[in-house]
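Q: work.cif is reproduced below (mmCIF, C-alpha atoms).
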data_my_file
loop_
_atom_site.label_atom_id
_atom_site.label_comp_id
_atom_site.auth_asym_id
_atom_site.auth_seq_id
_atom_site.Cartn_x
_atom_site.Cartn_y
_atom_site.Cartn_z
CA MET A 1 -75.75 -61.72 -27.21
CA HIS A 2 -72.48 -59.79 -26.75
CA LEU A 3 -72.18 -56.95 -24.24
CA THR A 4 -71.76 -54.41 -27.06
CA GLU A 5 -75.01 -55.57 -28.66
CA MET A 6 -76.80 -55.30 -25.33
CA ILE A 7 -75.50 -51.76 -24.80
CA THR A 8 -76.50 -50.83 -28.36
CA LEU A 9 -80.05 -52.07 -27.84
CA TRP A 10 -80.24 -50.25 -24.51
CA ALA A 11 -78.94 -47.04 -26.13
CA LYS A 12 -81.52 -47.30 -28.92
CA ASP A 13 -84.30 -47.65 -26.35
CA ILE A 14 -83.05 -44.59 -24.47
CA ILE A 15 -82.87 -42.53 -27.68
CA ASN A 16 -86.30 -43.67 -28.86
CA TYR A 17 -87.83 -42.85 -25.48
CA LEU A 18 -86.04 -39.61 -24.57
CA GLY A 19 -85.10 -38.29 -28.01
CA TYR A 20 -82.43 -35.58 -28.14
CA PHE A 21 -82.18 -35.43 -24.36
CA GLY A 22 -81.43 -39.15 -24.23
CA ALA A 23 -78.80 -38.76 -26.96
CA ALA A 24 -77.10 -35.98 -24.98
CA ILE A 25 -77.13 -38.02 -21.76
CA LEU A 26 -75.66 -41.07 -23.48
CA MET A 27 -72.83 -39.07 -25.05
CA ALA A 28 -72.13 -37.40 -21.71
CA LEU A 29 -71.74 -40.85 -20.17
CA GLU A 30 -69.59 -41.95 -23.13
CA SER A 31 -67.22 -39.03 -22.52
CA MET A 32 -66.97 -39.84 -18.84
CA ILE A 33 -65.54 -43.00 -17.35
CA ALA A 34 -68.71 -44.98 -18.04
CA PRO A 35 -68.29 -47.97 -20.40
CA ILE A 36 -70.69 -46.75 -23.09
CA PRO A 37 -69.13 -46.73 -26.59
CA SER A 38 -70.05 -43.95 -28.99
CA GLU A 39 -70.36 -46.66 -31.65
CA ALA A 40 -73.50 -47.82 -29.84
CA VAL A 41 -75.05 -44.36 -29.80
CA MET A 42 -74.24 -42.28 -32.87
CA PRO A 43 -75.03 -44.69 -35.77
CA PRO A 44 -78.60 -45.29 -34.50
CA ILE A 45 -79.00 -41.51 -34.33
CA GLY A 46 -77.83 -41.29 -37.94
CA ALA A 47 -80.44 -43.89 -38.86
CA LEU A 48 -83.14 -41.81 -37.17
CA VAL A 49 -81.98 -38.74 -39.09
CA ARG A 50 -82.37 -40.64 -42.34
CA GLU A 51 -85.86 -41.74 -41.31
CA GLY A 52 -86.78 -38.11 -40.65
CA LYS A 53 -87.27 -38.66 -36.92
CA MET A 54 -84.36 -36.40 -35.98
CA VAL A 55 -82.77 -33.28 -37.46
CA TRP A 56 -79.05 -33.73 -38.15
CA TRP A 57 -77.82 -30.35 -36.90
CA ILE A 58 -79.81 -30.61 -33.67
CA ALA A 59 -78.50 -34.14 -33.18
CA MET A 60 -74.93 -32.93 -33.69
CA LEU A 61 -75.45 -29.99 -31.33
CA VAL A 62 -76.89 -32.01 -28.45
CA THR A 63 -74.40 -34.90 -28.76
CA SER A 64 -71.43 -32.51 -28.90
CA ALA A 65 -72.83 -30.70 -25.85
CA GLY A 66 -73.22 -34.03 -24.10
CA SER A 67 -69.65 -35.02 -24.94
CA LEU A 68 -68.38 -31.72 -23.56
CA ALA A 69 -70.45 -32.00 -20.38
CA GLY A 70 -69.23 -35.53 -19.66
CA SER A 71 -65.64 -34.54 -20.39
CA LEU A 72 -65.87 -31.58 -18.02
CA ILE A 73 -67.11 -33.83 -15.23
CA SER A 74 -64.15 -36.18 -15.73
CA TYR A 75 -61.81 -33.18 -15.96
CA TRP A 76 -63.19 -31.89 -12.65
CA LEU A 77 -62.72 -35.29 -10.98
CA GLY A 78 -59.08 -35.32 -12.04
CA TYR A 79 -58.53 -31.65 -11.17
CA VAL A 80 -60.03 -31.82 -7.68
CA GLY A 81 -59.27 -35.31 -6.45
CA GLY A 82 -56.70 -36.79 -8.82
CA LYS A 83 -56.47 -40.51 -9.40
CA PRO A 84 -57.75 -41.54 -5.91
CA LEU A 85 -61.10 -39.78 -6.44
CA VAL A 86 -61.37 -41.04 -10.01
CA MET A 87 -60.82 -44.64 -8.94
CA LYS A 88 -63.20 -44.24 -6.01
CA VAL A 89 -65.98 -43.11 -8.35
CA GLY A 90 -64.83 -45.29 -11.22
CA ARG A 91 -65.06 -48.58 -9.37
CA TYR A 92 -68.82 -48.35 -9.82
CA LEU A 93 -68.33 -47.76 -13.55
CA LEU A 94 -65.87 -50.59 -14.28
CA VAL A 95 -62.87 -48.28 -14.72
CA ASN A 96 -59.71 -50.17 -15.58
CA GLU A 97 -56.82 -48.76 -13.52
CA HIS A 98 -54.22 -49.93 -16.03
CA HIS A 99 -56.00 -48.14 -18.88
CA LEU A 100 -56.16 -45.00 -16.74
CA ASP A 101 -52.43 -45.17 -15.95
CA VAL A 102 -51.57 -45.61 -19.64
CA THR A 103 -53.75 -42.63 -20.55
CA VAL A 104 -52.17 -40.44 -17.88
CA LYS A 105 -48.66 -41.30 -19.13
CA TRP A 106 -49.69 -40.63 -22.71
CA PHE A 107 -51.09 -37.22 -21.78
CA HIS A 108 -48.01 -36.17 -19.82
CA ARG A 109 -45.72 -37.36 -22.60
CA HIS A 110 -47.47 -35.67 -25.53
CA GLY A 111 -49.29 -32.71 -24.03
CA GLY A 112 -52.71 -31.15 -24.38
CA ALA A 113 -53.11 -31.94 -28.09
CA THR A 114 -53.77 -35.55 -27.10
CA VAL A 115 -57.18 -34.40 -25.82
CA PHE A 116 -58.10 -33.88 -29.48
CA VAL A 117 -56.34 -36.95 -30.88
CA SER A 118 -57.73 -39.22 -28.18
CA ARG A 119 -61.30 -38.59 -29.26
CA PHE A 120 -60.56 -41.02 -32.10
CA VAL A 121 -58.82 -43.66 -30.00
CA PRO A 122 -60.79 -46.48 -28.35
CA VAL A 123 -60.64 -46.78 -24.55
CA VAL A 124 -58.43 -43.69 -24.25
CA ARG A 125 -61.22 -41.34 -25.35
CA HIS A 126 -63.25 -42.34 -22.28
CA LEU A 127 -60.40 -41.47 -19.91
CA ILE A 128 -58.37 -38.64 -21.49
CA SER A 129 -60.23 -35.88 -19.62
CA VAL A 130 -59.00 -37.26 -16.30
CA PRO A 131 -55.25 -36.69 -16.86
CA ALA A 132 -56.09 -33.32 -18.41
CA GLY A 133 -57.65 -32.39 -15.08
CA ILE A 134 -54.87 -33.96 -13.03
CA GLY A 135 -52.32 -32.04 -15.11
CA LYS A 136 -54.28 -28.78 -14.57
CA MET A 137 -54.59 -28.22 -18.33
CA PRO A 138 -56.06 -24.74 -19.02
CA LEU A 139 -59.83 -25.05 -19.29
CA LEU A 140 -60.38 -23.13 -22.54
CA PRO A 141 -57.96 -25.19 -24.69
CA PHE A 142 -59.32 -28.35 -23.09
CA MET A 143 -62.87 -27.42 -24.04
CA LEU A 144 -61.85 -26.43 -27.57
CA TYR A 145 -59.94 -29.67 -28.25
CA THR A 146 -62.78 -31.68 -26.74
CA VAL A 147 -65.57 -30.06 -28.74
CA VAL A 148 -63.73 -30.20 -32.07
CA GLY A 149 -62.55 -33.79 -31.61
CA ALA A 150 -65.87 -35.06 -30.26
CA THR A 151 -67.88 -33.35 -33.01
CA LEU A 152 -65.72 -34.83 -35.75
CA TRP A 153 -65.89 -38.35 -34.29
CA ASN A 154 -69.60 -38.16 -33.50
CA GLY A 155 -70.29 -36.81 -36.96
CA LEU A 156 -68.36 -39.63 -38.61
CA LEU A 157 -70.32 -42.28 -36.73
CA MET A 158 -73.64 -40.54 -37.32
CA TYR A 159 -72.88 -40.32 -41.03
CA ALA A 160 -72.15 -44.06 -41.06
CA GLY A 161 -75.53 -44.75 -39.50
CA TYR A 162 -77.23 -42.35 -41.92
CA GLN A 163 -75.51 -43.71 -45.02
CA TRP A 164 -75.96 -47.38 -44.23
CA GLN A 165 -79.14 -47.29 -42.18
CA GLU A 166 -80.51 -50.44 -43.81
CA HIS A 167 -77.29 -52.32 -43.09
CA ILE A 168 -76.62 -50.96 -39.60
CA LYS A 169 -76.28 -54.43 -38.04
CA GLU A 170 -73.83 -55.52 -40.72
CA ILE A 171 -71.48 -52.57 -40.27
CA GLU A 172 -71.41 -52.82 -36.47
CA GLY A 173 -68.81 -55.56 -36.86
CA TYR A 174 -66.50 -53.16 -38.67
CA TYR A 175 -66.32 -50.60 -35.89
CA LYS A 176 -63.29 -52.28 -34.36
CA MET A 177 -61.53 -52.14 -37.72
CA LEU A 178 -62.40 -48.45 -37.95
CA ASP A 179 -61.05 -47.90 -34.44
CA LYS A 180 -57.77 -49.59 -35.35
CA GLY A 181 -57.44 -47.52 -38.49
CA VAL A 182 -57.99 -44.32 -36.57
CA VAL A 183 -55.47 -45.41 -33.93
CA VAL A 184 -52.84 -45.87 -36.64
CA LEU A 185 -53.58 -42.41 -38.06
CA GLY A 186 -53.48 -40.90 -34.59
CA VAL A 187 -50.14 -42.49 -33.76
CA VAL A 188 -48.68 -41.35 -37.08
CA GLY A 189 -49.97 -37.83 -36.46
CA ILE A 190 -48.50 -37.69 -32.95
CA GLY A 191 -45.21 -39.14 -34.20
CA LEU A 192 -45.02 -36.49 -36.92
CA TRP A 193 -45.75 -33.73 -34.41
CA ILE A 194 -43.04 -35.02 -32.06
CA TYR A 195 -40.54 -35.30 -34.93
CA LEU A 196 -41.16 -31.73 -36.05
CA HIS A 197 -41.07 -30.46 -32.47
CA VAL A 198 -37.79 -32.23 -31.67
CA ARG A 199 -36.25 -31.10 -34.94
CA LYS A 200 -37.02 -27.49 -34.13
CA SER A 201 -35.62 -27.71 -30.60
CA PRO A 202 -31.92 -28.05 -31.55
CA ALA A 203 -32.24 -25.00 -33.75
CA LYS A 204 -33.56 -22.99 -30.81
CA ASN A 205 -30.76 -24.27 -28.59
CA ASP A 206 -28.16 -23.24 -31.21
CA VAL A 207 -29.54 -19.74 -31.24
CA LYS A 208 -29.33 -19.55 -27.45
CA ASP A 209 -25.74 -20.83 -27.51
CA ASN A 210 -24.76 -18.23 -30.11
CA VAL A 211 -26.28 -15.49 -28.00
CA LYS A 212 -24.29 -16.63 -24.97
CA VAL A 213 -21.05 -16.59 -26.98
#
Would it be possible to restate this file's structure as structure tokens?
A:
Amino acid sequence: MHLTEMITLWAKDIINYLGYFGAAILMALESMIAPIPSEAVMPPIGALVREGKMVWWIAMLVTSAGSLAGSLISYWLGYVGGKPLVMKVGRYLLVNEHHLDVTVKWFHRHGGATVFVSRFVPVVRHLISVPAGIGKMPLLPFMLYTVVGATLWNGLLMYAGYQWQEHIKEIEGYYKMLDKGVVVLGVVGIGLWIYLHVRKSPAKNDVKDNVKV
């Protein structure tokens, strides 16, 4: 049995035993530096919604709240203690220092909007709140990007579990393909934003030069 399958079974047990509270806790851990993939949590919740054991809007509310809570904890770790504190805590949660360094560079290069985009990117979505805290990103935009991005991603996975409840084990193998597809879309989106931003910059500089003359 693969590690992902073990985590998925464990997540299902937690959800079945603790219900909405368990779902919120799992998504809080997923949004922190704990190695719990949302793909192991949200599709089973979607399956429970289809079976009538959960209500979809309550499930979305508690999982989004959990994602925000976990993200805020990671944000606080980065804000207060920076990388040293994150690695000190993260060593108990199997945090990969290289992945953290890559995420920090990505955040500093592309700005706060990456908090939203990263919710759809594997590995990075677990760590993006840390560089946001290290970079002292304003709290309100951070929370807004986090909630919107997390809700969209959680909703997509829950819908997959709802729609294909009978084939949940079969589609688990396609999550990596979905991740890669989303990564491509995210990279294209960031590239387009950078292109438009850079294209506008020379125009602004020309205006400043004309004013000086």
Q: Please build the interface table for range 49-97 of chain A against range 156-163 of chain A with a cut-off of 10 Å, listing for each qualifying residue the nearest atom pair and the distance in Å to one decimal; count only C-alpha atoms, order rows by chain and increasing number, and write it as a tab-separated table.
A:
residue	atom	partner	partner_atom	distance
A:Val49	CA	A:Tyr162	CA	6.6
A:Arg50	CA	A:Tyr162	CA	5.4
A:Glu51	CA	A:Tyr162	CA	8.7
A:Trp56	CA	A:Met158	CA	8.7
A:Ala59	CA	A:Met158	CA	9.0
A:Met60	CA	A:Met158	CA	8.5
Q: Check which residues satisfy the PyMOL selection byres ((chain A and resi 75) around 8) in the file shown, then give them as a list in words.
A: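 After applying the PyMOL selection byres ((chain A and resi 75) around 8), what remains is Ser71, Leu72, Ile73, Ser74, Trp76, Leu77, Gly78, Tyr79, Ser129, Val130, Pro131, Ala132, Gly133 and Ile134 of chain A.
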Q: For the atom pair CA of Val117 in chain A and CA of Ala47 in chain A, what is the interatomic distance in Å to one decimal place?
A: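 Taking CA of Val117 in chain A and CA of Ala47 in chain A, their separation equals 26.3 Å.
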Q: Would you compute the distance between CA of Ile33 in chain A and CA of Lys53 in chain A? Give it in Å to one decimal.
A: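 Straight-line distance from CA of Ile33 in chain A to CA of Lys53 in chain A works out to 29.6 Å.
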Q: Would you mind reading off the distance between CA of Gly70 in chain A and CA of Met32 in chain A, one decimal, in Å?
A: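 Between CA of Gly70 in chain A and CA of Met32 in chain A the gap works out to 4.9 Å.
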Q: Of the residues A:Val41, A:Leu127, A:Val62, A:Leu29, which is the one nearest to Lys105 in chain A, using all atoms listed in the file?
A: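 Of A:Val41, A:Leu127, A:Val62, A:Leu29, the one nearest Lys105 in chain A, counting all atoms listed in the file, is A:Leu127.
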Q: Once the PyMOL selection byres ((chain A and resi 142) around 10) has been applied to the shown file, what residues remain in the selection, as number ranges by chain?
A: A: 68, 71-72, 75, 112-116, 129, 132-133, 136-141, 143-147
Q: Would you please work out which residue, of A:Arg119, A:Arg109, A:Lys12, A:Lys83, is nearest to Ser31 in chain A when using all atoms listed in the file?
A: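 Closest to Ser31 in chain A, using all atoms listed in the file: A:Arg119.
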Q: Using all atoms listed in the file, find the one residue out of A:Leu100, A:Ala69, A:Met87, A:Ile15 that sits nearest to Glu30 in chain A.
A: A:Ala69
Q: For Ile45 in chain A, which residue among A:Leu9, A:Ile128, A:Leu61, A:Tyr20 is the nearest when counting only C-alpha atoms?
A: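 Closest to Ile45 in chain A of all the choices is A:Tyr20.
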Q: Can you sort out the box for range 118-127 of chain A, edges along x, y and z, all listed atoms in, 3 Å on every side, with centre and edge lengths in Å to one decimal, as JSON?
A:
{"center_x": -60.5, "center_y": -42.7, "center_z": -26.0, "size_x": 11.5, "size_y": 14.2, "size_z": 18.2}
Q: Do you know which residues are at most 10 Å from Ile14 in chain A counting only C-alpha atoms, after dropping those on the same chain fewer than 5 positions away, and could you put them as a PyMOL selection string?
A: chain A and resi 8-9+19-23+25-26+41
Q: Kindly indicate which residue among A:Leu48, A:Pro37, A:Thr63, A:His108 lies nearest to Val121 in chain A, using only C-alpha atoms for the distances.
A: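 Among A:Leu48, A:Pro37, A:Thr63, A:His108, it is A:Pro37 that comes nearest to Val121 in chain A.
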Q: Return the single residue from A:Pro84, A:Trp164, A:Trp153, A:Phe107 that is closest to Pro122 in chain A, with distances computed using only C-alpha atoms.
A: A:Trp153
Q: Which protein, DNA or RNA residues have an atom at most 7 Å from (-74.3, -49.9, -23.6), counting only C-alpha atoms? List them as JSON, numbers by chain.
A: {"A": [4, 6, 7, 8, 10, 11, 36, 37, 40]}
